[in-house]
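Quick notes on the structure that follows.
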Amino acid sequence: MSVPDPTAAALRRVVIVYETEAAAALRLRAHGHPPAIAQEIAVYLAQATDLPAHMPAITEALAAEGIAVRFAELDELPGLVPELAEAAEETLLWNVTDGTRYYRGAAVPALARLLDLRQFGAPAPAQHLCQDKFATLALAQAAGLVCPPTRLMQGGRVLATLGGALGEGPFFVKPNMLGAKLGIFADSRCATLAEAGAASARIADRYADRALVQPYLEGSDIRVSFLDTGGAFRRQLGIFRLASDPAGETGGAFMTMRDNDTLSGARDTAGGRGGFGAERPAAFVPRLADLRAEPQSAAAVAAIETAAERLAELLDLSGIFSMDFRLRPDGRPVFLEFEVCPAVTIYDFQTYLAAVHGAALGPALARAFHHAFARPDRRGAA
């Protein structure tokens, strides 16, 4: 069988796959989660709820480039396999939502490999890894990134440790496999290890998830965003500080699930609300500050750029991703986690696109899709 020449193909169609809150909630209930908890966990997929409002603009921008787009719910995807296989030489596949345990979007890059399709975004190994924060931290630390000392807990039992001693407190507890601040309540900051053990048990009981116990880090949250439209890696990084707000549940000390439940619907930093957030009262209007615009943060920016580049190379991240750091008061950034499917519909990614790419979501994606399709190593079987 002859091997197709990747330079002879042209991008004609993009298939954007997403898992909905409703589908995830039904599946979680079928697997034994109480209805209220299933819906709570499904909130992670709020990006899919906001996506329809962006579909016309994305469709129009891709059509201007001669690209047809199909938005497909995840459960539709098996029925599209014959069609995808037939048009493999002109199709790009992208899962806009991810997940390996509570969510299922990370199955998409594996399907791309099976069908020898070009795929946008991270490969399957990275998509599976990003849902496991402890494993992520272990690899990041091995790559030289500064990471917090961490215990992996199963209820009240310590399963594994990473880094040095946790210290004398306070401590911070969060779920290992859940994102979007799920399971992070005001009591996630604990004064003692006994309290941290109780919070870990609460996560096990509520979500059937393991927990991470780390030192509580004073400082601010830094979101690193990336969309590859063909420029130099560091130039395409967005590095923004999320301003703390006293209206948050913890007075701005750290973000909780209650805060994030409303911010997930925020389209911008001017108070605009998307489909997910339209009927939720906003905890506060998000404010982002470009860290590169702060002269006193130059060393922190350089350290974050180096860390992001190192981790992206190690994990073969490309196309689109985000990373989270905690910036200590002394200016030292500490790596926390990464995402392969950042919420492109909300305020942080929209701010990044405008500031770094000077483009709205549709045109920026069109450029990124063309660039990804032209890369021979983005074929599923590569």
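Labels for the structure tokens follow display order: chains A, B, ..., residues from 1 in each chain, ligands from 1.
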
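The neighbours of His54 of chain A here are the residues that come within 10 Å of it, using only C-alpha atoms and leaving out any residue fewer than 4 positions away in the same chain; they are Asp50, Ile58, Thr59, Gly274, Val344, Thr345, Leu361 and Gly362 of chain A.
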
Can you list every residue in segment 166-221 of chain A that DSSP puts in alpha helix (DSSP H), as a PyMOL selection string? chain A and resi 193-207

Take the residues from that selection and put them in a file with C-alpha atoms, as a tab-separated table (two decimals), in the first residue's frame.
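Writing the result to selection-v6.tsv gives the following:
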chain	number	residue	atom	x	y	z
A	193	LEU	CA	-2.67	17.48	58.46
A	194	ALA	CA	-5.60	16.00	60.37
A	195	GLU	CA	-7.90	18.55	58.70
A	196	ALA	CA	-6.27	17.79	55.35
A	197	GLY	CA	-7.00	14.09	55.89
A	198	ALA	CA	-10.64	14.91	56.59
A	199	ALA	CA	-10.85	17.01	53.41
A	200	SER	CA	-9.30	14.12	51.45
A	201	ALA	CA	-11.93	11.78	52.86
A	202	ARG	CA	-14.64	14.24	51.83
A	203	ILE	CA	-13.33	14.18	48.24
A	204	ALA	CA	-13.33	10.36	48.27
A	205	ASP	CA	-16.87	10.20	49.63
A	206	ARG	CA	-18.30	12.91	47.40
A	207	TYR	CA	-16.57	12.19	44.08

From the set A:Thr351, A:Ala307, A:His357, A:Ile184, which residue has the shortest atom-to-atom contact distance to Arg241 of chain A, counting only C-alpha atoms?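 Answer, going by the shortest atom-to-atom distance: A:Thr351.
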
Report, in Å to a single decimal, how far apart atom CA of Ala364 of chain A and atom CA of Ile67 of chain A are. 13.6 Å

Figure out the distance between atom CA of Ala36 of chain A and atom CA of Phe134 of chain A, please, to one decimal in Å.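 It comes out at 26.9 Å.
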
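Atom pair atom CA of Gly164 of chain A / atom CA of Glu218 of chain A has a distance of 18.0 Å (rounded to one decimal).
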
Show me a table, sorted first by chain and then by increasing residue number, of the residues of segment 123-186 of chain A having an atom at most 10 Å from segment 97-109 of chain A, each with its shortest atom pair and the distance in Å to one decimal, counting only C-alpha atoms and written as JSON lines.
{"residue": "A:Pro123", "atom": "CA", "partner": "A:Pro109", "partner_atom": "CA", "distance": 6.1}
{"residue": "A:Ala124", "atom": "CA", "partner": "A:Pro109", "partner_atom": "CA", "distance": 5.3}
{"residue": "A:Pro125", "atom": "CA", "partner": "A:Pro109", "partner_atom": "CA", "distance": 9.1}
{"residue": "A:Ala126", "atom": "CA", "partner": "A:Ala106", "partner_atom": "CA", "distance": 9.2}
{"residue": "A:Gln127", "atom": "CA", "partner": "A:Ala106", "partner_atom": "CA", "distance": 5.7}
{"residue": "A:His128", "atom": "CA", "partner": "A:Thr100", "partner_atom": "CA", "distance": 5.9}
{"residue": "A:Leu129", "atom": "CA", "partner": "A:Thr100", "partner_atom": "CA", "distance": 8.9}
{"residue": "A:Cys130", "atom": "CA", "partner": "A:Gly99", "partner_atom": "CA", "distance": 8.4}
{"residue": "A:Gln131", "atom": "CA", "partner": "A:Gly99", "partner_atom": "CA", "distance": 6.5}
{"residue": "A:Asp132", "atom": "CA", "partner": "A:Thr100", "partner_atom": "CA", "distance": 9.3}
{"residue": "A:Met177", "atom": "CA", "partner": "A:Arg101", "partner_atom": "CA", "distance": 7.8}
{"residue": "A:Leu178", "atom": "CA", "partner": "A:Tyr102", "partner_atom": "CA", "distance": 7.8}
{"residue": "A:Gly179", "atom": "CA", "partner": "A:Gly99", "partner_atom": "CA", "distance": 9.6}

Selection: 10 Å around Val81 of chain A, only C-alpha atoms, excl. self and same-chain fewer than 5 positions, as a short mmCIF file (atom, residue, chain, number, x, y, z; two decimals) with C-alpha atoms, in the first residue's frame:
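What landed in out.cif:
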data_model
loop_
_atom_site.label_atom_id
_atom_site.label_comp_id
_atom_site.auth_asym_id
_atom_site.auth_seq_id
_atom_site.Cartn_x
_atom_site.Cartn_y
_atom_site.Cartn_z
CA GLU A 76 -22.41 11.03 17.53
CA GLU A 86 -13.32 8.16 3.63
CA ALA A 87 -12.29 11.81 3.90
CA LEU A 111 -9.77 7.44 17.26
CA ALA A 112 -7.66 9.77 15.12
CA LEU A 115 -8.37 6.16 11.40
#

For Ile222 of chain A, which residue out of A:Ala140, A:Leu327, A:Leu93, A:Ala312 is the nearest one, using only C-alpha atoms?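 Distance minimum relative to Ile222 of chain A lands on A:Leu327.
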
Counting only C-alpha atoms, which residue out of A:Leu336, A:Val69, A:Ala61, A:Ala48 sits closest to Val146 of chain A?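 Once distances to Val146 of chain A are computed over only C-alpha atoms, the minimum belongs to A:Leu336.
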
Do you know which residues are at most 10 Å from Leu182 of chain A counting only C-alpha atoms, after dropping those on the same chain fewer than 4 positions away, and could you put them as a CSV table (one decimal) with C-alpha atoms, in the first residue's frame?
chain,number,residue,atom,x,y,z
A,40,GLU,CA,-21.9,19.1,39.8
A,41,ILE,CA,-19.1,17.1,38.1
A,42,ALA,CA,-20.6,17.8,34.6
A,43,VAL,CA,-20.1,21.5,35.2
A,44,TYR,CA,-16.5,21.0,34.1
A,174,LYS,CA,-7.9,19.3,45.9
A,175,PRO,CA,-9.1,16.3,43.8
A,177,MET,CA,-8.7,13.9,38.6
A,178,LEU,CA,-11.3,16.7,38.6
A,203,ILE,CA,-13.3,14.2,48.2
A,207,TYR,CA,-16.6,12.2,44.1
A,256,THR,CA,-13.2,27.9,44.9
A,257,MET,CA,-15.7,25.7,43.0
A,258,ARG,CA,-18.5,28.3,43.9
A,260,ASN,CA,-15.5,29.1,39.2
A,261,ASP,CA,-19.1,28.0,38.7
